[in-house]
Structure formats: structure tokens, C-alpha cells
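Have a look at my_file-v9.tsv; it's TSV, C-alpha atoms:
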chain	number	residue	atom	x	y	z
A	1	MET	CA	41.42	-28.26	28.48
A	2	ALA	CA	44.51	-26.04	28.24
A	3	GLU	CA	45.17	-27.68	24.89
A	4	PHE	CA	41.70	-26.73	23.72
A	5	PHE	CA	42.22	-23.07	24.63
A	6	ALA	CA	45.66	-23.04	23.01
A	7	MET	CA	44.07	-23.88	19.62
A	8	GLY	CA	47.31	-25.35	18.32
A	9	GLY	CA	49.11	-22.03	18.70
A	10	TYR	CA	46.39	-20.01	16.98
A	11	ALA	CA	44.57	-19.05	20.20
A	12	GLY	CA	44.75	-15.29	19.61
A	13	TYR	CA	43.37	-15.57	16.08
A	14	VAL	CA	40.66	-18.12	16.73
A	15	TRP	CA	39.36	-16.63	19.98
A	16	SER	CA	39.35	-13.05	18.74
A	17	ALA	CA	37.38	-14.09	15.65
A	18	PHE	CA	34.82	-16.02	17.70
A	19	GLY	CA	34.74	-13.41	20.47
A	20	VAL	CA	34.06	-10.48	18.15
A	21	THR	CA	31.43	-12.56	16.35
A	22	LEU	CA	29.55	-13.17	19.59
A	23	ILE	CA	29.79	-9.47	20.48
A	24	VAL	CA	28.35	-8.46	17.09
A	25	LEU	CA	25.52	-11.02	17.44
A	26	ALA	CA	24.66	-9.75	20.93
A	27	GLY	CA	24.86	-6.15	19.72
A	28	ASN	CA	22.44	-6.89	16.89
A	29	GLY	CA	19.84	-8.22	19.32
A	30	TRP	CA	20.39	-5.43	21.82
A	31	PHE	CA	20.23	-2.55	19.34
A	32	ALA	CA	17.14	-3.98	17.62
A	33	ARG	CA	15.33	-4.23	20.97
A	34	ARG	CA	16.40	-0.77	22.04
A	35	ARG	CA	15.30	0.83	18.78
A	36	HIS	CA	11.84	-0.70	19.02
A	37	ALA	CA	11.49	0.55	22.60
A	38	GLN	CA	12.70	4.03	21.59
A	39	ILE	CA	10.20	4.24	18.74
A	40	ILE	CA	7.32	3.23	21.02
A	41	ALA	CA	8.45	5.78	23.62
A	42	SER	CA	8.69	8.59	21.08
A	43	LEU	CA	5.26	7.76	19.64
A	44	ARG	CA	3.85	7.77	23.15
A	45	ARG	CA	5.44	11.16	23.90
A	46	ASN	CA	3.98	12.60	20.72
A	47	ALA	CA	0.57	11.23	21.59
A	48	GLN	CA	0.74	12.88	25.02
A	49	VAL	CA	1.89	16.21	23.62
A	50	GLU	CA	-0.90	16.02	21.10
A	51	SER	CA	-3.60	15.26	23.64
A	52	THR	CA	-2.50	18.13	25.93
A	53	GLU	CA	-2.29	20.58	23.07
A	54	ALA	CA	-5.42	19.10	21.54
A	55	GLN	CA	-4.35	19.74	17.99
A	56	PRO	CA	-4.76	17.42	15.04
A	57	GLY	CA	-1.81	16.04	13.09
A	58	PHE	CA	0.98	13.93	14.40
A	59	LYS	CA	4.47	15.26	14.97
A	60	GLU	CA	7.27	13.71	12.98
A	61	VAL	CA	9.03	11.14	15.10
A	62	MET	CA	12.67	10.20	15.05
A	63	THR	CA	14.05	8.87	11.80
B	1	MET	CA	-3.13	-17.60	-1.63
B	2	TRP	CA	-3.44	-14.02	-2.89
B	3	LYS	CA	-5.76	-13.19	-0.03
B	4	TRP	CA	-3.32	-14.65	2.45
B	5	PHE	CA	-0.52	-12.60	0.94
B	6	HIS	CA	-2.59	-9.45	1.16
B	7	LYS	CA	-3.36	-10.08	4.79
B	8	LEU	CA	0.30	-10.76	5.53
B	9	ALA	CA	1.27	-7.46	3.94
B	10	SER	CA	-1.19	-5.50	6.05
B	11	PRO	CA	0.92	-3.60	8.60
B	12	PRO	CA	-0.99	-4.40	11.84
B	13	HIS	CA	-1.18	-8.08	10.93
B	14	PHE	CA	2.50	-8.29	10.02
B	15	TYR	CA	3.47	-6.32	13.13
B	16	ARG	CA	1.71	-8.86	15.31
B	17	LEU	CA	3.09	-11.89	13.44
B	18	ALA	CA	6.66	-10.52	13.55
B	19	GLY	CA	6.29	-10.12	17.30
B	20	LEU	CA	5.15	-13.73	17.58
B	21	TRP	CA	7.83	-15.21	15.32
B	22	ALA	CA	10.87	-13.26	16.51
B	23	PRO	CA	11.37	-15.05	19.87
B	24	TRP	CA	10.97	-18.50	18.29
B	25	LEU	CA	13.44	-17.71	15.53
B	26	MET	CA	15.85	-16.27	18.06
B	27	GLY	CA	15.53	-19.32	20.32
B	28	ALA	CA	16.13	-21.73	17.44
B	29	ALA	CA	19.07	-19.63	16.22
B	30	LEU	CA	20.76	-19.56	19.64
B	31	ILE	CA	20.39	-23.32	20.14
B	32	LEU	CA	21.80	-23.99	16.69
B	33	ILE	CA	24.65	-21.51	17.24
B	34	ALA	CA	25.56	-23.25	20.51
B	35	TYR	CA	25.56	-26.64	18.79
B	36	SER	CA	27.61	-25.37	15.85
B	37	LEU	CA	30.17	-23.76	18.14
B	38	TYR	CA	30.61	-27.05	19.98
B	39	ALA	CA	30.80	-29.07	16.77
B	40	GLY	CA	33.13	-26.60	15.08
B	41	LEU	CA	35.49	-25.90	17.98
B	42	VAL	CA	35.54	-29.30	19.71
B	43	LEU	CA	34.25	-32.12	17.50
B	44	ALA	CA	35.82	-31.14	14.16
B	45	PRO	CA	39.44	-32.25	13.74
B	46	PRO	CA	42.17	-29.68	12.99
B	47	ASP	CA	42.89	-29.12	9.30
B	48	TYR	CA	45.98	-30.92	8.00
B	49	GLN	CA	47.28	-27.70	6.41
B	50	GLN	CA	45.88	-24.90	8.56
B	51	GLY	CA	45.74	-26.59	11.95
B	52	ASP	CA	43.20	-25.06	14.31
B	53	ALA	CA	43.21	-21.70	12.50
B	54	PHE	CA	40.82	-23.17	9.92
B	55	ARG	CA	38.05	-23.05	12.58
B	56	ILE	CA	37.63	-19.35	11.81
B	57	ILE	CA	35.73	-20.59	8.76
B	58	TYR	CA	32.76	-21.31	11.05
B	59	VAL	CA	32.20	-17.61	11.71
B	60	HIS	CA	33.77	-16.16	8.56
B	61	VAL	CA	31.75	-17.93	5.87
B	62	PRO	CA	28.32	-17.52	7.56
B	63	SER	CA	29.04	-13.79	8.08
B	64	ALA	CA	30.17	-13.30	4.50
B	65	TYR	CA	27.13	-15.19	3.23
B	66	LEU	CA	24.79	-13.02	5.32
B	67	SER	CA	26.53	-9.84	4.17
B	68	LEU	CA	25.59	-10.69	0.57
B	69	MET	CA	22.19	-12.18	1.36
B	70	ALA	CA	21.12	-9.11	3.36
B	71	TYR	CA	22.21	-6.76	0.59
B	72	THR	CA	20.36	-8.76	-2.05
B	73	MET	CA	17.26	-8.71	0.13
B	74	MET	CA	17.65	-4.96	0.61
B	75	ALA	CA	17.93	-4.38	-3.16
B	76	VAL	CA	15.00	-6.65	-4.06
B	77	ALA	CA	12.80	-5.09	-1.35
B	78	SER	CA	13.82	-1.62	-2.56
B	79	ALA	CA	12.82	-2.49	-6.13
B	80	ILE	CA	9.45	-3.83	-4.94
B	81	GLY	CA	8.97	-0.70	-2.87
B	82	LEU	CA	9.72	1.56	-5.81
B	83	VAL	CA	7.62	-0.30	-8.36
B	84	TRP	CA	4.56	-1.17	-6.27
B	85	ARG	CA	4.88	1.65	-3.72
B	86	MET	CA	4.69	-0.86	-0.94
B	87	LYS	CA	5.57	0.60	2.46
B	88	LEU	CA	6.37	-2.76	3.99
B	89	ALA	CA	9.01	-3.39	1.30
B	90	HIS	CA	10.80	-0.15	2.15
B	91	ALA	CA	10.60	-1.10	5.82
B	92	VAL	CA	12.30	-4.41	4.96
B	93	ALA	CA	15.11	-2.60	3.14
B	94	ALA	CA	15.63	-0.12	5.97
B	95	SER	CA	15.72	-2.95	8.54
B	96	ALA	CA	18.16	-5.11	6.59
B	97	ALA	CA	20.83	-2.39	6.23
B	98	PRO	CA	22.25	-2.15	9.77
B	99	ILE	CA	22.19	-5.93	10.20
B	100	GLY	CA	23.90	-6.46	6.86
B	101	ALA	CA	26.51	-3.83	7.69
B	102	SER	CA	27.35	-5.56	10.96
B	103	PHE	CA	27.87	-8.91	9.24
B	104	THR	CA	29.95	-7.29	6.50
B	105	PHE	CA	32.18	-5.89	9.22
B	106	LEU	CA	32.37	-9.39	10.76
B	107	ALA	CA	33.28	-10.97	7.43
B	108	LEU	CA	36.10	-8.43	7.00
B	109	PHE	CA	37.31	-8.74	10.59
B	110	THR	CA	37.33	-12.54	10.74
B	111	GLY	CA	38.86	-12.68	7.26
B	112	SER	CA	41.65	-10.37	8.35
B	113	VAL	CA	42.28	-12.39	11.51
B	114	TRP	CA	42.36	-15.56	9.43
B	115	GLY	CA	44.52	-14.02	6.71
B	116	HIS	CA	47.34	-13.01	9.01
B	117	PRO	CA	48.49	-16.49	10.06
B	118	MET	CA	47.71	-18.03	6.64
B	119	TRP	CA	48.88	-15.40	4.12
B	120	GLY	CA	51.11	-13.34	6.37
B	121	THR	CA	49.02	-10.20	5.97
B	122	TRP	CA	46.03	-8.65	7.73
B	123	TRP	CA	44.93	-6.79	4.65
B	124	GLU	CA	45.84	-6.51	0.98
B	125	TRP	CA	44.63	-3.38	-0.80
B	126	SER	CA	45.01	-4.89	-4.27
B	127	ASP	CA	42.98	-8.01	-3.49
B	128	PRO	CA	39.64	-8.04	-5.37
B	129	ARG	CA	37.72	-10.09	-2.78
B	130	MET	CA	38.77	-7.82	0.05
B	131	MET	CA	38.16	-4.63	-1.88
B	132	THR	CA	34.69	-5.61	-3.10
B	133	GLU	CA	33.67	-6.70	0.40
B	134	LEU	CA	34.96	-3.37	1.77
B	135	ILE	CA	32.91	-1.54	-0.89
B	136	LEU	CA	29.92	-3.58	0.31
B	137	LEU	CA	30.45	-2.16	3.81
B	138	PHE	CA	30.62	1.37	2.38
B	139	LEU	CA	27.43	0.77	0.39
B	140	TYR	CA	25.60	-0.24	3.57
B	141	LEU	CA	26.96	2.78	5.47
B	142	GLY	CA	26.21	5.06	2.51
B	143	TYR	CA	22.65	3.73	2.36
B	144	MET	CA	22.11	4.44	6.05
B	145	ALA	CA	23.71	7.90	5.83
B	146	LEU	CA	21.59	8.76	2.80
B	147	ARG	CA	18.40	7.72	4.59
B	148	ALA	CA	19.34	9.74	7.65
B	149	ALA	CA	19.90	12.83	5.47
B	150	PHE	CA	16.18	13.07	4.62
B	151	GLU	CA	13.60	14.50	6.99
B	152	ASP	CA	10.78	13.01	4.97
B	153	ARG	CA	10.59	9.24	5.27
B	154	LYS	CA	9.03	8.68	1.85
B	155	ARG	CA	11.88	10.54	0.18
B	156	ALA	CA	14.40	8.64	2.28
B	157	ASP	CA	12.78	5.39	1.17
B	158	ARG	CA	12.97	6.32	-2.50
B	159	ALA	CA	16.51	7.73	-2.47
B	160	GLY	CA	17.78	4.77	-0.44
B	161	ALA	CA	16.07	2.36	-2.82
B	162	VAL	CA	17.88	3.80	-5.84
B	163	LEU	CA	21.26	3.48	-4.11
B	164	ALA	CA	20.49	-0.07	-2.95
B	165	ILE	CA	19.50	-1.16	-6.46
B	166	VAL	CA	22.53	0.41	-8.15
B	167	GLY	CA	24.86	-1.14	-5.56
B	168	VAL	CA	23.65	-4.67	-6.24
B	169	VAL	CA	26.26	-4.86	-9.01
B	170	ASN	CA	28.84	-5.06	-6.25
B	171	VAL	CA	27.22	-8.22	-4.85
B	172	VAL	CA	27.93	-9.93	-8.16
B	173	LEU	CA	31.51	-8.62	-8.07
B	174	VAL	CA	32.07	-9.95	-4.53
B	175	HIS	CA	30.79	-13.35	-5.55
B	176	TYR	CA	32.84	-13.75	-8.71
B	177	SER	CA	35.90	-11.78	-7.56
B	178	VAL	CA	37.82	-14.96	-6.73
B	179	GLU	CA	37.09	-16.46	-10.14
B	180	TRP	CA	37.51	-13.44	-12.40
B	181	TRP	CA	40.67	-12.01	-10.90
B	182	SER	CA	43.60	-13.58	-9.14
B	183	SER	CA	43.06	-13.29	-5.43
B	184	LEU	CA	44.74	-14.42	-2.26
B	185	HIS	CA	41.33	-15.63	-1.22
B	186	GLN	CA	40.60	-19.29	-1.74
B	187	GLY	CA	37.70	-20.47	-3.89
B	188	GLN	CA	34.35	-21.55	-2.66
B	189	THR	CA	34.19	-24.36	-0.09
B	190	VAL	CA	30.46	-25.01	0.05
B	191	MET	CA	28.69	-26.31	-3.07
B	192	ASN	CA	31.98	-26.88	-4.84
B	193	GLU	CA	32.58	-30.35	-6.27
B	194	ASP	CA	36.36	-30.01	-6.29
B	195	ALA	CA	36.75	-28.86	-2.71
B	196	THR	CA	35.93	-31.77	-0.47
B	197	MET	CA	35.54	-31.41	3.24
B	198	PRO	CA	34.88	-34.34	5.57
B	199	ALA	CA	31.42	-34.37	7.14
B	200	SER	CA	32.81	-33.62	10.61
B	201	MET	CA	34.15	-30.33	9.26
B	202	LEU	CA	31.35	-29.50	6.83
B	203	THR	CA	28.35	-30.16	9.08
B	204	PRO	CA	29.15	-27.42	11.65
B	205	LEU	CA	29.63	-24.98	8.79
B	206	LEU	CA	26.24	-25.77	7.29
B	207	THR	CA	24.47	-25.66	10.66
B	208	MET	CA	26.17	-22.35	11.47
B	209	ILE	CA	25.01	-20.89	8.14
B	210	LEU	CA	21.47	-21.99	8.98
B	211	ALA	CA	21.83	-20.61	12.53
B	212	PHE	CA	23.04	-17.23	11.27
B	213	THR	CA	20.16	-17.12	8.79
B	214	LEU	CA	17.63	-17.76	11.56
B	215	PHE	CA	19.35	-15.14	13.71
B	216	PHE	CA	19.15	-12.67	10.85
B	217	GLY	CA	15.43	-13.43	10.52
B	218	ALA	CA	14.83	-12.84	14.23
B	219	VAL	CA	16.65	-9.48	14.30
B	220	MET	CA	14.99	-8.55	11.02
B	221	PHE	CA	11.52	-9.05	12.54
B	222	MET	CA	12.50	-7.08	15.65
B	223	ARG	CA	13.69	-4.14	13.53
B	224	LEU	CA	10.78	-4.40	11.09
B	225	ARG	CA	8.29	-3.85	13.89
B	226	GLY	CA	9.85	-0.48	14.65
B	227	GLU	CA	10.04	0.50	10.98
B	228	ILE	CA	6.36	-0.41	10.54
B	229	LEU	CA	5.36	1.80	13.49
B	230	LEU	CA	7.31	4.71	12.03
B	231	ARG	CA	5.46	4.36	8.73
B	232	GLU	CA	2.07	3.88	10.33
B	233	THR	CA	2.32	6.70	12.86
B	234	ASN	CA	-1.12	8.06	12.05
B	235	ALA	CA	-2.89	4.72	11.73
B	236	ARG	CA	-5.57	4.07	14.31
B	237	TRP	CA	-4.13	0.73	15.41
B	238	VAL	CA	-0.78	2.36	16.23
B	239	ARG	CA	-2.41	5.19	18.17
B	240	ARG	CA	-4.55	2.77	20.09
B	241	MET	CA	-1.54	0.62	20.87
B	242	VAL	CA	0.60	3.55	21.97
B	243	THR	CA	-1.98	5.23	24.14
B	244	GLY	CA	-3.75	2.07	25.25
B	245	GLU	CA	-2.21	-1.16	26.41
B	246	ALA	CA	1.55	-0.98	26.76
B	247	ALA	CA	1.73	-4.77	26.82
B	248	HIS	CA	1.64	-4.84	23.03
B	249	GLY	CA	5.06	-3.26	22.69
As C-alpha cells, what does this structure read like?
Amino acid sequence: MAEFFAMGGYAGYVWSAFGVTLIVLAGNGWFARRRHAQIIASLRRNAQVESTEAQPGFKEVMT
Amino acid sequence: MWKWFHKLASPPHFYRLAGLWAPWLMGAALILIAYSLYAGLVLAPPDYQQGDAFRIIYVHVPSAYLSLMAYTMMAVASAIGLVWRMKLAHAVAASAAPIGASFTFLALFTGSVWGHPMWGTWWEWSDPRMMTELILLFLYLGYMALRAAFEDRKRADRAGAVLAIVGVVNVVLVHYSVEWWSSLHQGQTVMNEDATMPASMLTPLLTMILAFTLFFGAVMFMRLRGEILLRETNARWVRRMVTGEAAHG
């Protein structure tokens, strides 16, 4: 097991490459989810503002 | 066939389908990534020249491949969006950019980490492969910055599309940089008749490339759903979804 983690002396290189890769993969999923939720929330806010003000036309939402 | 395509391109239909497909793609991608990690880190033997450092190939090559694939997709979608004024195509381009940028960063990072023990340097400014890949990162970031600079989404779509299409030249340069100029970077490993890799080393690479592609597809669908909503703000189905059942989100 220790031999596996040592990666023939290249542990720092191999594990940092794989570690950062996993972080970027996780970040991709997390940010995509969060953005979708944010867009829905902002659309919902606009819809509420619109219904209370009772005016036609939708406000521009976040870019 | 044409009818099916038309239905697929209709925003509410695509929104629903993307929501259905994303979890399955993500599940398949994660299983395949887990398998490829095991096969690449444990099952594959160390390289006779590079020892265990060669294992970085299993994250470097799939990332580099995705960095080019995502850009090509972005440019093709942009061209379709410009020519046929198709909103969904612009949504595809806008969704591909941040994902592509992240994999370009990964290709550069893992390449640097691999280069240090093998070539004795983290980075070489005069190297064509490294420079063109760095320009690819700047093209992605420039595309996103340009989009963000416009208040009006239609103008952002058009301006971004022009940049994406012009920048596709760089994809060709990245690909041929190791053949046209002398580079530290080695030649192609996959689909190269001269470079032979035993199956125990090659299989995890191929499965990881497939896994990354599926992962890209899953994140793409997740992002596309948001981009579709932004472009369909005034459509009745979006309003109904937003004010009505929250379960749809």
C-alpha cells in the first residue's frame, strides 16, 4: 500500500495531477448546478416583482 | 427525421430531455471514471522509461482532448447560431465555454506537473504546444469576458460567436503544433501507428477519454438548461414553471 502511494518516487507529481483533476471535475458539477438554481431563483424573483407591480414586460435577469 | 429534429430543437422539449439525460450521463461518467482510475493507477504497469510518472497521461490526454473538442463545439454552434439564428445553438456555445476553459486549465496544469520530472521544466515559453494551449485558455476567457460585457443577450451571442469562430484557427495550431514545429512535447499516442502502447496501458486511457466525454455531456446539459431559461424568459412554459410547480427545476 505504501508502495502504491509512493508512485515510484513521483508521488507529488502524480497525486497533485489526479487531485486537481478531481477538484476541477467536482467544481464543474457544482457550479453548473448552482447556476441553474440561481437562474430559476432570479426568474422567480422577477415574476414576483412583476405580479406585485402588475406591469407587463419581464425584467432582464442576470447574464 | 426532420420532424424529430425540429421537436428536439424546441426549447421546452430540449429543456425537459436535458434534465432527464443529465443524471444518467453523469452516473455513467462517474462509474467509468472510477474504473479508469483503478485501471490506470493500479492495474497498468509502470512505464519502462517514465516509471509511475507516465500515469499522469490518464488525466492529461483526456483533458487536452476535451479542451479542443469543447472549443470546436463552441465554434460550430456559434456558426450555426449566426447563420440560422438559432437560439439553442448560441446556448450551446455559451454553455461549452466555462467547461472548456476548466479542462484547458487542467491540460496545462497536468502537463506542467508531468513536464517537470520528465523535461526538467514546469513551463517553456518558446514551446509551440504549450503556447497554443495557453492561447486556447485565453480565447475561452476572452469569450466569456466579451459575453459578460454586453447587457443584451442577443448582442452577446453574436459578438461571442464571431470571436469563437475566428479563434478556431488556434485549435488547428494546437493539434499540429507538435508536427509543424519542434516541441518538447511528444507526438500523439492515441491513433498513431508508430507509438505502440500495451493494452493494459492503452485501455484505461481510452475509457478515461470516454468517461470525460460523458462527463462533459452531463455538465453541458446541466448548463444548457439554465441558458435556455435565460433565452426563453418571456415564454409561457418558463413562466408557468417558475411560478407554478417548483419540482420542475
Find the residues around Met220 of chain B up to 10 Å (only C-alpha atoms counted), leave out those fewer than 3 positions away in its own chain, and share them as a list of chain:residue names.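 Here the qualifying residues turn out to be A:Asn28, A:Gly29, A:Ala32, B:Ala18, B:Ala22, B:Ala70, B:Val92, B:Ala93, B:Ala94, B:Ser95, B:Ala96, B:Ala97, B:Pro98, B:Ile99, B:Leu214, B:Phe215, B:Phe216, B:Gly217, B:Arg223, B:Leu224, B:Arg225.
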Identify every residue of chain B that has at least one atom within 8 Å of any atom of chain A, counting all atoms listed in the file, and report the result as number ranges by chain. B: 42, 51-53, 55-56, 59, 99, 102-103, 106, 109-110, 113-114, 117, 148, 151, 153, 219, 222-223, 225-226, 229-230, 233-234, 239, 242-243, 249
Report, in Å with one decimal, the straight-line distance from atom CA of Trp21 of chain B to atom CA of Ile228 of chain B.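 Between atom CA of Trp21 of chain B and atom CA of Ile228 of chain B the gap works out to 15.6 Å.
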Which value, in Å to one decimal, gives the distance between atom CA of Val49 of chain A and atom CA of Pro12 of chain B? 23.9 Å
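The space separating atom CA of Ile209 of chain B from atom CA of Leu66 of chain B comes to 8.4 Å.
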Pick the closest to Val166 of chain B from B:Trp237, B:Leu141, B:His185, B:Ala75: which is it, counting all atoms listed in the file? B:Ala75
Take every atom of segment 48-66 of chain B listed in the file, fit an axis-aligned box around them, add 8 Å per side, and give the centre and edge lengths in Å to one decimal as JSON.
{"center_x": 36.0, "center_y": -22.0, "center_z": 8.8, "size_x": 38.5, "size_y": 33.9, "size_z": 27.1}
Using only C-alpha atoms, collect all residues at a distance of at most 9 Å from (18.4, 7.0, 5.4) as written in the file, then present them as a PyMOL selection string. (chain A and resi 63) or (chain B and resi 94+142-150+153+156-157+159-160)
Can you tell me which residues surround Tyr71 of chain B at a distance of at most 10 Å, considering all atoms listed in the file, apart from same-chain residues fewer than 5 positions away, and format the answer as a PyMOL selection string? chain B and resi 66+76-77+93+96-97+99-101+104+136-137+139-140+164-165+167-168+170-171
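Ranking B:Pro62, B:Pro11, B:Gly120, B:Pro46 by their shortest atom-to-atom distance to Lys87 of chain B, with only C-alpha atoms included, puts B:Pro11 first.
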